[in-house]
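As stored in upload34.cif (mmCIF, C-alpha atoms and all ligand atoms):
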data_query
loop_
_atom_site.label_atom_id
_atom_site.label_comp_id
_atom_site.auth_asym_id
_atom_site.auth_seq_id
_atom_site.Cartn_x
_atom_site.Cartn_y
_atom_site.Cartn_z
CA MET V 21 -11.09 15.42 16.37
CA ASP V 22 -8.10 17.76 16.09
CA PHE V 23 -6.15 17.55 12.83
CA ASP V 24 -3.74 20.38 13.49
CA PHE V 25 -0.44 18.73 12.69
CA ASN V 26 2.15 18.94 15.45
CA GLU V 27 5.72 20.17 14.91
CA GLU V 28 7.09 16.70 14.25
CA GLN V 29 4.35 15.89 11.73
CA ILE V 30 4.93 19.19 9.92
CA LEU V 31 8.65 18.47 9.79
CA MET V 32 8.04 15.00 8.35
CA ARG V 33 5.51 16.34 5.84
CA ASP V 34 8.02 18.96 4.69
CA THR V 35 10.76 16.33 4.40
CA ALA V 36 8.47 14.20 2.26
CA ARG V 37 7.52 17.24 0.17
CA LYS V 38 11.19 18.04 -0.41
CA PHE V 39 11.88 14.43 -1.41
CA ALA V 40 8.89 14.57 -3.78
CA GLU V 41 10.32 17.70 -5.41
CA GLU V 42 13.71 16.03 -5.78
CA ILE V 43 12.32 13.00 -7.59
CA LYS V 44 10.17 15.02 -10.00
CA PRO V 45 12.81 15.50 -12.75
CA THR V 46 13.13 11.75 -13.41
CA ILE V 47 9.51 10.69 -12.88
CA GLU V 48 8.30 10.71 -16.48
CA ASP V 49 11.39 8.94 -17.84
CA ASP V 50 11.22 6.35 -15.05
CA GLU V 51 7.53 5.88 -15.77
CA GLU V 52 8.18 5.37 -19.48
CA HIS V 53 10.87 2.77 -18.79
CA HIS V 54 9.11 1.14 -15.82
CA ARG V 55 12.22 1.84 -13.77
CA PHE V 56 12.42 0.81 -10.12
CA ARG V 57 15.22 2.47 -8.18
CA PRO V 58 16.32 0.56 -5.07
CA GLU V 59 18.62 3.46 -4.17
CA ARG V 60 15.55 5.64 -3.84
CA VAL V 61 14.03 3.26 -1.29
CA ARG V 62 17.34 3.46 0.62
CA GLN V 63 17.17 7.26 0.52
CA MET V 64 13.63 7.12 1.90
CA GLY V 65 14.92 4.87 4.67
CA GLU V 66 17.72 7.30 5.49
CA LEU V 67 15.21 10.16 5.65
CA GLY V 68 13.25 8.29 8.32
CA PHE V 69 10.20 7.56 6.14
CA PHE V 70 9.95 3.96 7.35
CA GLY V 71 10.35 4.55 11.08
CA THR V 72 7.31 6.55 12.12
CA VAL V 73 5.37 3.61 13.63
CA ILE V 74 8.50 1.82 14.82
CA LYS V 75 9.94 1.99 18.32
CA GLU V 76 13.15 3.94 18.86
CA GLU V 77 14.99 0.80 20.01
CA TYR V 78 14.57 -0.61 16.47
CA GLY V 79 15.59 2.58 14.70
CA GLY V 80 12.15 4.18 14.51
CA THR V 81 10.93 7.62 15.53
CA GLU V 82 7.51 6.70 17.02
CA ALA V 83 6.05 9.73 15.22
CA GLY V 84 2.90 7.70 14.55
CA HIS V 85 0.40 6.63 11.91
CA LEU V 86 -0.82 10.12 11.07
CA ALA V 87 2.77 11.18 10.31
CA ALA V 88 3.17 8.06 8.15
CA CYS V 89 -0.02 8.90 6.24
CA ILE V 90 0.94 12.51 5.62
CA MET V 91 4.29 11.42 4.21
CA ALA V 92 2.81 8.69 2.00
CA GLU V 93 0.31 11.24 0.69
CA GLU V 94 3.05 13.75 -0.17
CA VAL V 95 5.22 11.20 -1.94
CA ALA V 96 2.28 9.69 -3.86
CA LYS V 97 1.25 13.17 -4.95
CA ALA V 98 4.48 13.28 -6.95
CA HIS V 99 4.47 9.62 -8.05
CA ALA V 100 2.21 6.92 -6.61
CA SER V 101 4.77 4.16 -7.31
CA TRP V 102 7.02 5.62 -4.62
CA GLY V 103 4.26 5.43 -2.04
CA LEU V 104 4.39 1.63 -2.03
CA PRO V 105 7.65 1.23 -0.08
CA PHE V 106 5.88 2.66 3.01
CA ASN V 107 3.94 -0.59 3.08
CA MET V 108 6.64 -2.92 1.82
CA GLN V 109 9.19 -1.73 4.38
CA MET V 110 7.29 -0.41 7.39
CA ASN V 111 3.52 -0.94 7.65
CA GLY V 112 3.72 -4.49 6.31
CA PRO V 113 6.86 -6.31 7.45
CA ALA V 114 8.53 -4.08 10.10
CA LEU V 115 5.41 -3.18 12.09
CA THR V 116 4.01 -6.72 11.90
CA ILE V 117 7.28 -8.16 13.20
CA GLN V 118 7.31 -5.52 15.94
CA ARG V 119 3.78 -6.54 16.96
CA PHE V 120 3.99 -10.30 16.69
CA GLY V 121 7.68 -11.24 16.53
CA ASN V 122 10.03 -12.52 19.22
CA ASP V 123 13.13 -10.56 20.32
CA GLU V 124 15.42 -12.42 17.95
CA GLN V 125 13.19 -11.70 14.93
CA LYS V 126 12.81 -8.06 15.91
CA ARG V 127 16.58 -7.64 16.22
CA ARG V 128 17.25 -9.48 12.97
CA TYR V 129 14.86 -7.62 10.70
CA ILE V 130 13.20 -4.43 11.92
CA GLU V 131 16.06 -1.93 11.86
CA LYS V 132 17.23 -3.21 8.48
CA LEU V 133 13.73 -2.69 7.04
CA VAL V 134 13.50 0.78 8.57
CA ASN V 135 16.89 1.78 7.07
CA ALA V 136 15.99 -0.01 3.83
CA GLU V 137 19.21 -1.99 4.17
CA ILE V 138 16.98 -4.90 3.16
CA LEU V 139 13.85 -4.70 1.00
CA GLY V 140 10.62 -6.21 2.29
CA SER V 141 7.33 -7.60 0.99
CA PHE V 142 4.30 -9.56 2.12
CA ALA V 143 2.73 -12.43 0.24
CA ILE V 144 -0.94 -13.30 0.64
CA THR V 145 -2.43 -13.35 -2.87
CA GLU V 146 -2.38 -16.43 -5.11
CA ALA V 147 -3.64 -17.11 -8.62
CA ASN V 148 -6.98 -18.32 -7.24
CA THR V 149 -6.94 -16.46 -3.94
CA GLY V 150 -7.60 -12.74 -3.84
CA SER V 151 -10.39 -11.36 -1.67
CA ASP V 152 -11.04 -14.75 -0.10
CA VAL V 153 -7.73 -14.95 1.79
CA ALA V 154 -8.73 -18.11 3.69
CA SER V 155 -8.97 -20.03 0.40
CA MET V 156 -5.20 -19.94 -0.17
CA LYS V 157 -3.50 -23.15 -1.31
CA THR V 158 0.10 -22.58 -0.22
CA SER V 159 0.99 -25.04 2.52
CA ALA V 160 3.78 -25.46 5.06
CA GLN V 161 4.38 -28.97 6.35
CA ALA V 162 6.31 -29.58 9.55
CA LYS V 163 9.62 -31.36 8.86
CA GLY V 164 12.50 -31.74 11.31
CA ASP V 165 13.40 -28.35 12.75
CA GLY V 166 11.14 -26.38 10.47
CA PHE V 167 8.58 -26.34 7.70
CA VAL V 168 8.56 -27.14 4.01
CA ILE V 169 6.59 -24.58 2.00
CA ASN V 170 4.94 -25.46 -1.31
CA GLY V 171 2.75 -23.26 -3.46
CA SER V 172 2.90 -19.93 -5.21
CA LYS V 173 1.98 -16.29 -4.68
CA THR V 174 1.22 -13.63 -7.23
CA TRP V 175 0.86 -9.84 -7.43
CA ILE V 176 3.45 -9.45 -4.68
CA SER V 177 4.81 -5.90 -4.54
CA GLN V 178 8.62 -5.83 -4.42
CA GLY V 179 8.57 -9.66 -4.56
CA HIS V 180 11.51 -10.19 -6.93
CA VAL V 181 13.63 -7.41 -5.44
CA ALA V 182 12.86 -8.15 -1.79
CA ASP V 183 15.16 -9.85 0.68
CA LEU V 184 12.35 -10.73 3.06
CA SER V 185 8.70 -11.68 2.71
CA LEU V 186 5.97 -12.32 5.22
CA VAL V 187 4.52 -15.44 3.63
CA TYR V 188 1.11 -16.75 4.66
CA ALA V 189 0.53 -20.51 4.32
CA TYR V 190 -1.56 -23.30 5.82
CA THR V 191 0.13 -25.42 8.46
CA ASP V 192 -3.12 -27.23 9.32
CA ARG V 193 -5.90 -26.93 6.79
CA SER V 194 -8.33 -28.91 8.95
CA GLN V 195 -8.48 -25.91 11.34
CA GLY V 196 -9.83 -23.56 8.64
CA ALA V 197 -8.49 -19.99 8.93
CA LYS V 198 -7.07 -20.91 12.36
CA GLY V 199 -4.66 -23.29 10.61
CA MET V 200 -2.87 -20.48 8.72
CA THR V 201 0.62 -19.38 9.80
CA CYS V 202 2.86 -16.45 8.91
CA PHE V 203 6.50 -17.20 7.98
CA LEU V 204 9.46 -14.86 7.67
CA VAL V 205 11.08 -16.07 4.48
CA ASP V 206 14.50 -14.88 3.32
CA LEU V 207 13.65 -14.85 -0.37
CA LYS V 208 17.20 -14.59 -1.71
CA THR V 209 18.81 -17.30 0.39
CA THR V 210 16.09 -19.91 0.88
CA LYS V 211 16.51 -22.91 -1.41
CA GLY V 212 13.35 -23.72 -3.36
CA VAL V 213 12.21 -20.09 -3.62
CA SER V 214 12.10 -18.43 -7.03
CA THR V 215 10.56 -15.19 -8.27
CA VAL V 216 9.32 -13.89 -11.60
CA PRO V 217 8.57 -10.22 -12.30
CA ILE V 218 5.10 -9.30 -13.57
CA GLU V 219 6.15 -7.05 -16.45
CA LYS V 220 2.78 -6.12 -17.87
CA LYS V 221 0.45 -4.14 -15.68
CA PHE V 222 -1.87 -1.17 -16.09
CA GLY V 223 -0.09 1.30 -13.80
CA LEU V 224 2.29 1.75 -10.85
CA PHE V 225 5.03 1.21 -13.43
CA CYS V 226 7.92 2.00 -11.09
CA ALA V 227 6.72 -0.27 -8.28
CA PRO V 228 7.82 -3.85 -9.03
CA THR V 229 5.26 -6.65 -8.78
CA SER V 230 6.05 -10.36 -8.82
CA GLU V 231 5.15 -14.00 -8.64
CA ILE V 232 6.87 -16.09 -5.96
CA TYR V 233 7.21 -19.88 -6.19
CA PHE V 234 7.92 -22.25 -3.31
CA GLU V 235 9.10 -25.75 -4.19
CA ASP V 236 9.96 -27.70 -1.04
CA ALA V 237 11.34 -24.48 0.42
CA PHE V 238 12.63 -25.25 3.92
CA VAL V 239 12.09 -22.53 6.53
CA PRO V 240 13.41 -23.08 10.09
CA LYS V 241 10.83 -23.02 12.88
CA GLN V 242 12.49 -19.88 14.30
CA ASN V 243 10.99 -18.08 11.29
CA VAL V 244 7.39 -18.62 12.35
CA LEU V 245 5.94 -15.19 13.20
CA GLY V 246 3.76 -15.38 16.29
CA LYS V 247 2.28 -18.78 17.02
CA LEU V 248 1.32 -21.58 14.65
CA GLY V 249 -2.23 -20.87 13.50
CA ASP V 250 -1.98 -17.10 14.13
CA GLY V 251 -1.49 -16.30 10.43
CA PHE V 252 -5.01 -15.17 9.56
CA LYS V 253 -5.22 -12.92 12.62
CA ILE V 254 -1.78 -11.44 11.86
CA CYS V 255 -2.72 -10.91 8.22
CA MET V 256 -5.95 -9.06 9.03
CA SER V 257 -4.26 -6.84 11.58
CA MET V 258 -1.46 -6.06 9.08
CA LEU V 259 -4.05 -5.14 6.43
CA ASP V 260 -5.63 -2.56 8.76
CA VAL V 261 -2.41 -0.58 8.56
CA THR V 262 -1.36 -1.25 4.96
CA ARG V 263 -4.89 -0.30 3.84
CA LEU V 264 -4.63 2.98 5.68
CA SER V 265 -1.38 3.86 3.94
CA CYS V 266 -2.97 2.93 0.61
CA ALA V 267 -5.82 5.34 1.37
CA ALA V 268 -3.28 8.09 2.13
CA ARG V 269 -1.57 7.44 -1.21
CA ALA V 270 -4.94 7.71 -2.94
CA CYS V 271 -5.36 11.18 -1.40
CA GLY V 272 -1.96 12.11 -2.83
CA VAL V 273 -2.98 11.15 -6.35
CA ALA V 274 -6.33 12.97 -6.03
CA GLY V 275 -4.47 16.11 -4.88
CA ALA V 276 -2.14 15.89 -7.87
CA ALA V 277 -5.10 15.51 -10.24
CA ILE V 278 -6.74 18.63 -8.76
CA ASP V 279 -3.53 20.68 -9.04
CA ALA V 280 -3.10 19.67 -12.68
CA SER V 281 -6.75 20.48 -13.45
CA VAL V 282 -6.64 23.90 -11.80
CA ALA V 283 -3.39 24.86 -13.54
CA TYR V 284 -4.77 23.81 -16.91
CA ALA V 285 -8.18 25.44 -16.39
CA LEU V 286 -6.49 28.75 -15.55
CA GLU V 287 -4.24 28.62 -18.61
CA ARG V 288 -6.23 27.07 -21.45
CA THR V 289 -8.39 29.45 -23.47
CA GLN V 290 -11.47 28.47 -25.52
CA PHE V 291 -14.30 30.69 -26.78
CA GLY V 292 -12.22 33.70 -25.72
CA LYS V 293 -12.11 32.73 -22.04
CA THR V 294 -9.99 30.51 -19.85
CA LEU V 295 -11.64 27.17 -19.04
CA SER V 296 -11.85 28.34 -15.42
CA GLU V 297 -14.57 30.78 -16.48
CA PHE V 298 -16.95 28.01 -17.52
CA GLN V 299 -19.38 26.98 -14.80
CA MET V 300 -19.26 23.34 -15.85
CA ILE V 301 -15.50 23.29 -15.31
CA GLN V 302 -15.98 25.03 -11.94
CA ASP V 303 -18.54 22.36 -11.03
CA GLN V 304 -16.05 19.62 -11.93
CA ILE V 305 -13.32 21.25 -9.87
CA ALA V 306 -15.63 21.84 -6.90
CA CYS V 307 -16.71 18.17 -6.89
CA MET V 308 -13.09 17.03 -7.00
CA VAL V 309 -12.08 19.32 -4.14
CA ALA V 310 -15.03 18.28 -1.95
CA GLU V 311 -14.33 14.57 -2.53
CA HIS V 312 -10.63 15.04 -1.86
CA GLU V 313 -11.14 17.00 1.36
CA ALA V 314 -13.65 14.43 2.65
CA ALA V 315 -11.26 11.58 1.83
CA LYS V 316 -8.38 13.28 3.65
CA LEU V 317 -10.48 13.78 6.78
CA LEU V 318 -11.46 10.10 6.78
CA VAL V 319 -7.84 9.04 6.38
CA TYR V 320 -6.62 11.39 9.12
CA ARG V 321 -9.43 10.18 11.42
CA ALA V 322 -8.51 6.53 10.90
CA ALA V 323 -4.81 7.33 11.45
CA THR V 324 -5.59 9.30 14.59
CA THR V 325 -7.71 6.51 16.09
CA LYS V 326 -4.83 4.12 15.37
CA ASP V 327 -2.36 6.48 17.03
CA LYS V 328 -4.60 6.72 20.11
CA ASN V 329 -4.68 2.96 20.50
CA PRO V 330 -2.13 1.26 18.24
CA ASP V 331 -2.91 -2.27 19.46
CA ALA V 332 -6.67 -2.05 18.89
CA ARG V 333 -8.16 -2.98 15.52
CA ASN V 334 -9.87 -0.06 13.74
CA THR V 335 -10.87 -1.98 10.63
CA HIS V 336 -14.18 -0.12 10.27
CA GLU V 337 -12.64 3.38 10.17
CA VAL V 338 -9.84 2.18 7.89
CA SER V 339 -12.26 0.52 5.46
CA ILE V 340 -14.35 3.69 5.19
CA ALA V 341 -11.21 5.74 4.56
CA LYS V 342 -9.77 3.26 2.04
CA TYR V 343 -13.05 2.92 0.14
CA TYR V 344 -13.71 6.64 -0.01
CA ALA V 345 -10.15 7.67 -0.82
CA ALA V 346 -9.78 5.06 -3.59
CA GLU V 347 -13.06 6.04 -5.23
CA SER V 348 -12.32 9.77 -4.94
CA ALA V 349 -8.82 9.30 -6.43
CA VAL V 350 -10.33 7.59 -9.48
CA MET V 351 -13.03 10.26 -9.73
CA CYS V 352 -10.48 13.09 -9.50
CA ALA V 353 -8.08 11.50 -12.01
CA ASN V 354 -10.95 10.76 -14.38
CA THR V 355 -12.23 14.34 -14.13
CA ALA V 356 -8.73 15.69 -14.69
CA MET V 357 -8.58 13.66 -17.91
CA LYS V 358 -11.81 15.35 -19.02
CA ILE V 359 -10.66 18.86 -18.12
CA LEU V 360 -7.40 18.44 -20.01
CA GLY V 361 -9.21 17.21 -23.13
CA SER V 362 -6.83 15.74 -25.70
CA TYR V 363 -3.82 16.83 -23.63
CA GLY V 364 -5.13 14.62 -20.83
CA TYR V 365 -4.89 11.75 -23.27
CA SER V 366 -1.30 12.62 -24.11
CA ASN V 367 1.70 11.27 -22.22
CA GLU V 368 3.08 14.80 -22.26
CA TYR V 369 0.86 15.46 -19.24
CA PRO V 370 0.83 13.25 -16.14
CA VAL V 371 -2.95 12.86 -15.73
CA GLY V 372 -3.01 9.55 -17.61
CA ARG V 373 -0.55 8.26 -15.01
CA PHE V 374 -2.79 9.58 -12.23
CA LEU V 375 -5.71 7.58 -13.61
CA ARG V 376 -3.64 4.40 -14.14
CA ASP V 377 -2.26 4.61 -10.60
CA ALA V 378 -5.58 5.62 -9.00
CA LYS V 379 -7.25 2.48 -10.37
CA SER V 380 -4.86 0.36 -8.28
CA PHE V 381 -6.34 1.76 -5.06
CA GLN V 382 -9.70 0.18 -5.88
CA VAL V 383 -8.01 -3.24 -5.97
CA VAL V 384 -4.99 -3.48 -3.65
CA GLU V 385 -5.23 -4.21 0.08
CA GLY V 386 -8.83 -5.35 -0.42
CA THR V 387 -11.06 -4.17 -3.26
CA SER V 388 -13.66 -1.43 -2.90
CA ASN V 389 -16.36 -4.13 -2.74
CA ILE V 390 -14.55 -5.81 0.15
CA GLN V 391 -14.28 -2.48 2.01
CA LYS V 392 -18.03 -1.97 1.46
CA THR V 393 -18.70 -5.48 2.75
CA ILE V 394 -16.83 -4.61 5.97
CA ILE V 395 -18.64 -1.26 6.31
CA ALA V 396 -22.06 -2.84 5.69
CA ARG V 397 -21.45 -5.70 8.14
CA HIS V 398 -20.58 -3.14 10.80
CA ALA V 399 -23.67 -1.05 10.02
CA LEU V 400 -25.89 -4.14 10.10
CA GLY V 401 -24.40 -5.30 13.39
CA LYS V 402 -22.91 -8.39 11.76
CA GLY V 403 -19.20 -7.74 12.05
C1 LIG V 501 -0.40 -3.43 -8.16
C2 LIG V 501 -0.80 -4.51 -7.19
C3 LIG V 501 0.00 -4.77 -6.10
C4 LIG V 501 -0.36 -5.79 -5.21
N1 LIG V 501 0.48 -6.07 -4.15
C5 LIG V 501 0.20 -7.14 -3.35
C6 LIG V 501 1.11 -7.54 -2.32
O1 LIG V 501 2.14 -6.89 -2.08
N2 LIG V 501 0.83 -8.66 -1.61
C7 LIG V 501 -0.30 -9.41 -1.82
O2 LIG V 501 -0.48 -10.40 -1.15
N3 LIG V 501 -1.19 -9.04 -2.79
C8 LIG V 501 -0.96 -7.94 -3.56
N4 LIG V 501 -1.85 -7.58 -4.54
C9 LIG V 501 -3.06 -8.37 -4.76
C10 LIG V 501 -4.33 -7.67 -4.27
O3 LIG V 501 -4.33 -7.57 -2.87
C11 LIG V 501 -5.52 -8.47 -4.80
O4 LIG V 501 -5.54 -8.28 -6.19
C12 LIG V 501 -6.84 -8.04 -4.18
O5 LIG V 501 -6.93 -8.49 -2.86
C13 LIG V 501 -8.05 -8.55 -4.96
O6 LIG V 501 -7.93 -9.89 -5.28
P1 LIG V 501 -8.22 -10.39 -6.77
O7 LIG V 501 -7.49 -9.48 -7.69
O8 LIG V 501 -7.91 -11.83 -6.84
O9 LIG V 501 -9.74 -10.15 -7.02
P2 LIG V 501 -10.97 -11.13 -6.66
O10 LIG V 501 -10.98 -11.43 -5.22
O11 LIG V 501 -10.98 -12.27 -7.61
O12 LIG V 501 -12.20 -10.16 -6.98
C14 LIG V 501 -12.63 -9.89 -8.31
C15 LIG V 501 -13.83 -8.97 -8.23
O13 LIG V 501 -14.88 -9.60 -7.46
C16 LIG V 501 -15.22 -8.79 -6.35
N5 LIG V 501 -15.50 -9.63 -5.17
C17 LIG V 501 -14.77 -10.65 -4.66
N6 LIG V 501 -15.35 -11.13 -3.54
C18 LIG V 501 -16.47 -10.39 -3.35
C19 LIG V 501 -17.49 -10.37 -2.34
N7 LIG V 501 -17.47 -11.23 -1.31
N8 LIG V 501 -18.48 -9.45 -2.46
C20 LIG V 501 -18.51 -8.58 -3.48
N9 LIG V 501 -17.58 -8.54 -4.45
C21 LIG V 501 -16.57 -9.43 -4.38
C22 LIG V 501 -14.01 -7.88 -6.10
O14 LIG V 501 -14.39 -6.71 -5.45
C23 LIG V 501 -13.51 -7.66 -7.52
O15 LIG V 501 -14.26 -6.62 -8.09
C24 LIG V 501 -1.55 -6.54 -5.42
C25 LIG V 501 -2.36 -6.24 -6.52
C26 LIG V 501 -2.00 -5.24 -7.41
C27 LIG V 501 -2.90 -4.95 -8.58
#
Starting from the file, give its structure as structure tokens.
Amino acid sequence: MDFDFNEEQILMRDTARKFAEEIKPTIEDDEEHHRFRPERVRQMGELGFFGTVIKEEYGGTEAGHLAACIMAEEVAKAHASWGLPFNMQMNGPALTIQRFGNDEQKRRYIEKLVNAEILGSFAITEANTGSDVASMKTSAQAKGDGFVINGSKTWISQGHVADLSLVYAYTDRSQGAKGMTCFLVDLKTTKGVSTVPIEKKFGLFCAPTSEIYFEDAFVPKQNVLGKLGDGFKICMSMLDVTRLSCAARACGVAGAAIDASVAYALERTQFGKTLSEFQMIQDQIACMVAEHEAAKLLVYRAATTKDKNPDARNTHEVSIAKYYAAESAVMCANTAMKILGSYGYSNEYPVGRFLRDAKSFQVVEGTSNIQKTIIARHALGKG
């Protein structure tokens, strides 16, 4: 497989790198104050970050999944929180509407998500529904010209700031997973919808997370995405792409942890030598680099297979990439903490943030165990 980036991919990577440099001066203060900046999402939209897998007729560039991954990696290398909008704007809502929506829905939402004129989200998780998506309780009952949604979602990225959410709910529970439907819900204008920010979390401090409540929230039938009962299928196909972007972000954080470790090892002196002279430190750095390079190749492979055939599922490749990249990001951030000693433990250096953010990759878009379940099923000929 050829991973020489083409001219367009290099241009997009450099644009993302420049953006990452620009946001650096405010990162630590934003992190300390858990500050989300909607204007920054708009800027990312204007720079074309959310259009790479979107058709030109809806404001996209069609540059592809590999381009999207390279950009998410670059941005996350500066600050993982700012990698999330790739999923909340493009890989989640915009691409899913492009794949499954009707003309009216595509016209109404996609370009606005790509430009970040509106903020997006997707809502699967509930208080008692995480890995087991089919166990969700939120329901949508047919009424008149639409559906009445009742239930609640939690851990929804951008939930309380978003204009739109792809909400998954049961329209016919007797059909099992085939009774789940995806709804396009205008969060700010739909009566019966309320949101609450989740203020206390371990990391990703500048990426808002929320609970969403639906109390007899009426959604017109025009807002059903795809067909009734297609929800589970739509959700799984969406996760293939959002997982991939998450894996790319994990590579970004691992890269940042390596850079910080190398810089510190070259500068810090103990026993009359820089840390870089100690073989144990070299061993730690070598292991980080090898893990990081392997993770990047897996991510680029999964992105390339998706680019070759965007409509085919490549869950297996994506799960391997997501699992490996998430684990290697945690390993690299953890090792960076060790190499920096007490300074790693200080907020003066960013490696604590790398570790906090890296841990999210083992959970979001399907935990590491769930990725391993998918990989094992494939290996055992069961999936
Ligand atoms: C920062 C953040 C942002 C998020 N953003 C979103 C979002 O935008 N939209 C959204 O819908 N959700 C979002 N989530 C939720 C996320 O997708 C879920 O947390 C994730 O799917 C895991 O679900 P859970 O936390 O309920 O864990 P559980 O499913 O309860 O799992 C708990 C533990 O049990 C393990 N486990 C569960 N089932 C199995 C099994 N079959 N085999 C082996 N081990 C198993 C898991 O691996 C895990 O270690 C977000 C979460 C976080 C932390």
List as a tab-separated table every residue of chain V that is in contact with ligand LIG 501 (chain V), defined as an atom at most 9 Å from one of its atoms (using all atoms listed in the file), together with the nearest atom pair and the distance in Å rounded to one decimal, sorted by chain and then rising number.
residue	atom	partner	partner_atom	distance
V:Leu104	CA	V:LIG501	C3	8.8
V:Asn107	CA	V:LIG501	O1	8.3
V:Met108	CA	V:LIG501	O1	7.2
V:Gly112	CA	V:LIG501	O1	8.9
V:Ser141	CA	V:LIG501	O1	6.1
V:Phe142	CA	V:LIG501	N2	5.2
V:Ala143	CA	V:LIG501	O2	4.0
V:Ile144	CA	V:LIG501	O2	3.4
V:Thr145	CA	V:LIG501	O2	3.9
V:Glu146	CA	V:LIG501	O8	7.4
V:Ala147	CA	V:LIG501	O8	7.0
V:Asn148	CA	V:LIG501	O8	6.6
V:Thr149	CA	V:LIG501	O8	5.5
V:Gly150	CA	V:LIG501	O8	3.2
V:Ser151	CA	V:LIG501	O10	3.6
V:Asp152	CA	V:LIG501	O10	6.1
V:Val153	CA	V:LIG501	O5	8.0
V:Lys173	CA	V:LIG501	O2	7.3
V:Thr174	CA	V:LIG501	N3	6.8
V:Trp175	CA	V:LIG501	C24	4.6
V:Ile176	CA	V:LIG501	C6	3.8
V:Ser177	CA	V:LIG501	O1	3.8
V:Gln178	CA	V:LIG501	O1	7.0
V:Gly179	CA	V:LIG501	O1	7.4
V:Val187	CA	V:LIG501	O2	8.6
V:Tyr188	CA	V:LIG501	O2	8.8
V:Lys221	CA	V:LIG501	C1	7.6
V:Phe222	CA	V:LIG501	C1	8.4
V:Gly223	CA	V:LIG501	C1	7.4
V:Leu224	CA	V:LIG501	C1	6.4
V:Phe225	CA	V:LIG501	C1	8.9
V:Ala227	CA	V:LIG501	C1	7.8
V:Pro228	CA	V:LIG501	C1	8.3
V:Thr229	CA	V:LIG501	C3	6.2
V:Ser230	CA	V:LIG501	N1	8.4
V:Asp377	CA	V:LIG501	C1	8.6
V:Lys379	CA	V:LIG501	C27	8.8
V:Ser380	CA	V:LIG501	C27	5.7
V:Phe381	CA	V:LIG501	C27	8.3
V:Gln382	CA	V:LIG501	O14	8.3
V:Val383	CA	V:LIG501	C12	5.3
V:Val384	CA	V:LIG501	O3	4.2
V:Glu385	CA	V:LIG501	O3	4.6
V:Gly386	CA	V:LIG501	O5	4.4
V:Thr387	CA	V:LIG501	O14	4.7
V:Ser388	CA	V:LIG501	O14	5.9
V:Asn389	CA	V:LIG501	O14	4.2
V:Ile390	CA	V:LIG501	O14	5.7
V:Gln391	CA	V:LIG501	O14	8.6
V:Lys392	CA	V:LIG501	C20	8.3
V:Thr393	CA	V:LIG501	N8	6.6
TODO: Please provide the set of residues having any atom within 12 Å of Glu313 in chain V, restricted to all atoms listed in the file, with same-chain residues fewer than 6 positions apart removed, written as a ChimeraX atom specification.
DONE: /V:268,270-272,274-275,278,306-307,319-320,341,344-345,348-349,352
Residues from the last selection, C-alpha atoms, saved as a compact mmCIF listing (two decimals), in the frame of the given file:
# COMPACT_ATOMS: atom_id res chain seq x y z
CA ALA V 268 -3.28 8.09 2.13
CA ALA V 270 -4.94 7.71 -2.94
CA CYS V 271 -5.36 11.18 -1.40
CA GLY V 272 -1.96 12.11 -2.83
CA ALA V 274 -6.33 12.97 -6.03
CA GLY V 275 -4.47 16.11 -4.88
CA ILE V 278 -6.74 18.63 -8.76
CA ALA V 306 -15.63 21.84 -6.90
CA CYS V 307 -16.71 18.17 -6.89
CA VAL V 319 -7.84 9.04 6.38
CA TYR V 320 -6.62 11.39 9.12
CA ALA V 341 -11.21 5.74 4.56
CA TYR V 344 -13.71 6.64 -0.01
CA ALA V 345 -10.15 7.67 -0.82
CA SER V 348 -12.32 9.77 -4.94
CA ALA V 349 -8.82 9.30 -6.43
CA CYS V 352 -10.48 13.09 -9.50
Each residue of range 64-125 of chain V with at least one atom at most 7 Å from range 321-329 of chain V should appear once, together with its nearest atom pair and the corresponding distance in Å (one decimal); atoms considered: all atoms listed in the file; ordering: chain, then increasing residue number; output as a tab-separated table.
residue	atom	partner	partner_atom	distance
V:Gly84	CA	V:Asp327	CA	5.9
V:His85	CA	V:Ala323	CA	5.3
V:Leu86	CA	V:Ala323	CA	4.9
Task: Atom pair CA of Ala378 in chain V / CA of Cys255 in chain V: separation (Å) - done: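 Those two atoms sit 24.0 Å apart.
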- [ ] Using all atoms listed in the file, pick whichever of V:Arg55, V:Arg193, V:Arg333, V:Arg373 has the shortest atom-to-atom distance to Ala160 in chain V.
- [x]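 Looking at the shortest contact to Ala160 in chain V, the residue is V:Arg193.
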- [ ] For Gly71 in chain V, work out the shell of residues within 7 Å, counting only C-alpha atoms and skipping chain neighbours fewer than 3 positions away, then give it as a PyMOL selection string.
- [x] chain V and resi 68+74+79-82+110+134
Open item on the list: I need the residue nearest Thr158 in chain V from this list: V:Ala237, V:Ala356, V:Leu259, V:Ile30. Use all atoms listed in the file for the distance.
Closed with: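 Among the listed residues, the smallest separation from Thr158 in chain V belongs to V:Ala237.
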- [ ] Give me, please, the distance in Å between CA of Ile232 in chain V and CA of Phe167 in chain V, quoted to one decimal.
- [x]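 Going from CA of Ile232 in chain V over to CA of Phe167 in chain V covers 17.2 Å.
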Task: Atom pair CA of Met32 in chain V / CA of Glu137 in chain V: separation (Å) - done: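 Atom-to-atom, CA of Met32 in chain V and CA of Glu137 in chain V are spaced 20.8 Å apart.
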- [ ] Identify the residues within 12 Å of coordinate (16.8, 0.8, -6.4) (same frame as the file), considering only C-alpha atoms, and give the answer as a VMD selection string.
- [x] chain V and resid 50 55 to 65 102 105 136 to 139 178 181 to 182 226 to 228
- [ ] Could you check which of V:Ala92, V:Ala276, V:Ala396, V:Lys342 is closest to Val309 in chain V, using only C-alpha atoms?
- [x]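 For Val309 in chain V, the nearest of the candidates is V:Ala276.
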